[in-house]
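Engineer: Please read through the structure below; I'll follow up with questions.
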Amino acid sequence: MATESARRIVSFVVAGLALTTPLPSRADDDVNVRGTSAENLERSSGSGSQVSRTEIARAQPLSLTEVFRRVPGLNVRQEDGMGLRLNLGVRGLNPSRGRLVLVQEDGVPVVVSPYGEPELYYSTPIERVERVDLVKGHEMVLFGPQTVGGVVNLYTWAPPAREAWSVEADYGQRAYARGLARYGNAVGDVRYLVQVSHKQGDGFRAMPFDATDLMAKVTFPTGRDGEATAKLTVYDESSHTTYVGLTQGMFQSDPRRDSIAPSDVFGIRRYEVSLRHEQRLGANTTLRSTLFGTLLDLKIYQQDFDRDRAEGADYERVVGTEGVVGSAIYFRPTRALRDRGYQVAGVEPQVEHRFATGSVDHRLVVGARAIADVARRTLSRGARPDAEAGDLLSDDTTSILGLAGYVQDRISFGGKLLVTPGMRLERAYARRHARRVFTASSSNVDAAANDGLRGVPRDVDLQGRSASTGLMPGLGFAAGKPALNIFWGIHSGYSPPRVSQSITPTGQDTGLSAERSMNYEIGARARPLRAVRLEATGFVIAFDNQLVSNNTLSGSSAEFKNGGKTRHIGAEVTALAHLPRALSVPVDVDVSAQYTYVRSTFAGGAYEGNFVPYSPSHAVTATLDAEHASGFGAQASYSHVSAQFADESNTVDPDVSGRSGLIAGYGVLDLGVRYKHAPTGLSFHFTVKNALDEVYLSGRLPNGIFTSGFRQIGAGIKWSGS
């Protein structure tokens with residue numbers, strides 16, 4: 001099986017190379033120029049944030065979710081306690097599956113299908129991540145196809161120049177266990193790194209999980225002025241994640257209740273190979289190229305259920321209160337088996353050239369990208385709640401070719417004024433081929449929120465095609481000095497409609513439009529004292545049309561629908577203070593606070609003036625970290641998210657099914673202590689995640705109430721050396 005998978009990766013990468021040349025990604029040397037560094041005025045004219053290696057290590061996060069809570073402008077909706085799947089929004093955008101946020105790992109898109117299904121069913125394990133970089137504002141024209149909310153760049157551990165190793169072990173409540181081993185070294189000019197990690201546990205609400213991750217990287221010279229890095233990753237996960245949540249009655253009686261669908265399983269196996277090359281073509285010109293291929297097999301196995309008793313139906317069990325429509329879940333003795341396979345290959349060359357016209361300095365970046373994206377989706381019905389195979393109900397394939405080109409010039413006038421014009425063009429060609437479909441009852445067999453699967457399948461040979469084009473100009477300015485500077489910018493945002501939703505299995509256009517927006521921001525960065533940094537940014541996102549998650553109460557099984565015009569108006573504030581050790585007090589103290597305000601409303605149509613679903617108005621995080629010269633350290637971090645609505649009607653009172661109603665605000669407190677014995681390389685940590693143990697309602701999608709906020713206590717040991 002491994003040989004066949006490797007063959008498929010290689011063949012698909014070669015196919016991607018044959019499509020054309022091009023793509024954009026952020027070069028590694030840009031990771032330190034983001035928004036909070038006031039000194040780098042000449043390199044950045046837009047807002048952004050970064051989370052360093054040190055910050056991640058001190059937080060001892062269980063997943064990326066914890067890291068993203070500390071970034072201004074980001075909104076994270078917790079779906080499962082261990083953060084196996086990201087629901088990430090930026091500046092008031094719906095966080096469901098991170099559809100409007102482009103997440104990249106070392107320049108490679110993390111989503112399962114960049115053009116066809118840009119959802120974060122899979123997310124990079126935190127164990128791989130060395131640092132995080134978030135790009136917002138007009139500089140997003142360098143990335144795509146999602147250029148609306150933000151770009152999250154994850155940078156994995158780089159091969160070291162000399163021997164370095166680390167062994168880690170953690171254990172915590174609910175049988176949580178994690179192990180990691182990392183080794184890197186150099187042989188001559190060749191550097192390499194190998195890392196393997198495994199984690200497992202009973203999970204919150206009795207939803208056990210098991211995940212294993214392998215990463216290998218090799219960096220080698222390609223001549224006097226060139227260097228390349230090859231990377232291979234393998235990820236395998238099995239978790240009892242479910243799409244059916246609690247009803248309102250179940251939540252009120254016991255918010256800690258175990259999963260009502262223990263047979264539901266979520267399985268992922270993902271392979272990735274990539275090659276990143278950098279070649280200096282002269283003193284002022286650099287060529288950077290990225291080639292990648294990914295294979296992902298996704299299994300979503302869910303027991304069929306009804307919200308009301310159907311006449312003549314046979315049920316395996318009933319959970320909840322019968323007699324009131326929507327207050328009980330009627331589980332059938334059958335299982336929906338959604339098997340999906342995604343193959344993605346891409347290539348991107350990018351050229352950076354520095355030159356001057358008189359006293360004006362330029363940093364010109366030109367690049368292009370091609371991505372081939374193929375996804376096959378099958379749906380079967382198993383005869384038992386734990387069935388692994390069954391009768392085929394639907395079978396369809398989408399094939400997409402996405403092409404993009406971009407240009408950006410950072411123009412510096414004397415180092416005190418930076419003007420950054422840019423432009424991006426996206427073009428995608430898509431085809432959907434259905435070989436088997438339902439003839440009745442289910443208009444969209446791909447919708448994860450389907451209740452019982454009913455209908456008669458039939459073999460067909462149906463095809464549908466679509467194409468989309470997006471032109472995204474951007475312009476930014478920054479002026480001032482490192483101690484105080486201001487910046488402002490404007491860019492056009494674009495997100496193509498998901499092909500799996502915009503073309504039905506029968507080849508019909510569903511009428512979903514691309515999401516287009518105009519994005520504006522203005523802000524200031526300051527360093528009033530050497531140890532203090534401040535940043536404040538105001539922003540506006542004006543959508544011509546925004547897709548919103550479709551509440552299943554509407555009677556439609558479509559996962560998204562056109563929401564019309566929306567306006568997101570808000571501000572972000574970041575304050576950082578570092579108090580270094582003094583002779584009298586040998587303690588390093590770091591204090592940080594991030595606050596986001598956003599008012600996201602519909603700007604027309606039947607819901608004009610209503611708030612956009614899953615867009616809280618306020619979010620604040622404050623962190624205090626202290627480290628003594630002896631090696632002892634401690635950290636406390638508190639986050640608060642205000643109330644939000646679950647539907648476009650802004651329903652306040654919950655319905656009995658739990659699928660509509662206000663989502664109350666909540667707070668999360670994380671605590672940790674650590675100690676490192678430098679002479680031996682041994683370190684220890686003890687953490688209390690969600691220390692308040694206040695279980696809260698985190699979401700009502702896709703089909704009922706999901707909860708979070710369970711306290712998780714754990715301890716770990718690490719032994720490292722170099």
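Here's how to read the names in the structure tokens: chain A, B, ... by the order shown, residue numbers from 1 in each chain, ligand numbers from 1 in the order shown.
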Could you give me, as a PDB file with C-alpha atoms, in the first residue's frame, the residues within 6 Å of region 588-594 of chain A, counting only C-alpha atoms and dropping anything in the same chain fewer than 3 positions from it?
Structural biologist:
```pdb
ATOM      1  CA  PRO A  72      -5.705  39.376  17.220  1.00  0.00           C
ATOM      2  CA  VAL A 573      -5.372  46.156  19.390  1.00  0.00           C
ATOM      3  CA  THR A 574      -2.170  44.440  20.523  1.00  0.00           C
ATOM      4  CA  ALA A 575       0.032  45.405  23.459  1.00  0.00           C
ATOM      5  CA  LEU A 576       3.285  43.626  24.337  1.00  0.00           C
ATOM      6  CA  ALA A 577       5.700  44.307  27.179  1.00  0.00           C
ATOM      7  CA  HIS A 578       8.932  42.503  27.994  1.00  0.00           C
ATOM      8  CA  LEU A 579      10.553  43.183  31.362  1.00  0.00           C
ATOM      9  CA  PRO A 580      14.043  41.642  31.284  1.00  0.00           C
ATOM     10  CA  ARG A 581      15.915  40.272  34.247  1.00  0.00           C
ATOM     11  CA  VAL A 620      -9.838  39.420  24.214  1.00  0.00           C
ATOM     12  CA  THR A 621      -6.811  37.412  25.346  1.00  0.00           C
ATOM     13  CA  ALA A 622      -4.300  38.342  28.058  1.00  0.00           C
ATOM     14  CA  THR A 623      -1.155  36.374  28.883  1.00  0.00           C
ATOM     15  CA  LEU A 624       1.334  36.701  31.718  1.00  0.00           C
ATOM     16  CA  ASP A 625       4.565  34.703  31.578  1.00  0.00           C
ATOM     17  CA  ALA A 626       7.455  34.728  34.044  1.00  0.00           C
ATOM     18  CA  GLU A 627      10.737  32.823  33.948  1.00  0.00           C
TER      19      GLU A 627
END
```
Engineer: Please return as a PyMOL selection string: the residues of region 132-271 of chain A that backbone DSSP assigns to helix (DSSP H, G or I).
Structural biologist: chain A and resi 137-142+204-206+248-253
Engineer: What does the distance between CA of Gly667 (chain A) and CA of Thr566 (chain A) come to in Å, to one decimal place?
Structural biologist: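 These atoms are spaced 27.7 Å apart.
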Engineer: Which residue, A:Leu471, A:Val325, A:Val688, A:Ala313, has the smallest gap to Pro61 (chain A) when you use only C-alpha atoms?
Structural biologist: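 Smallest distance to Pro61 (chain A) is found for A:Val688.
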Engineer: Which one of A:Tyr183, A:Phe611, A:Phe539, A:Tyr171 sits closest to Ile522 (chain A) if you count only C-alpha atoms?
Structural biologist: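 So, comparing all the options, the nearest one is A:Phe539.
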Engineer: To one decimal place, how far is CA of Trp719 (chain A) from CA of Gly184 (chain A) in Å?
Structural biologist: 14.4 Å
Engineer: Give me, as a list in words, all polymer residues having an atom no more than 12 Å from Arg224 (chain A), counting only C-alpha atoms and skipping those fewer than 4 positions away in the same chain.
Structural biologist: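 Close residues of Arg224 (chain A): Asp189, Phe220, Glu278, Gln279, Arg280, Leu281 and Gly282 of chain A.
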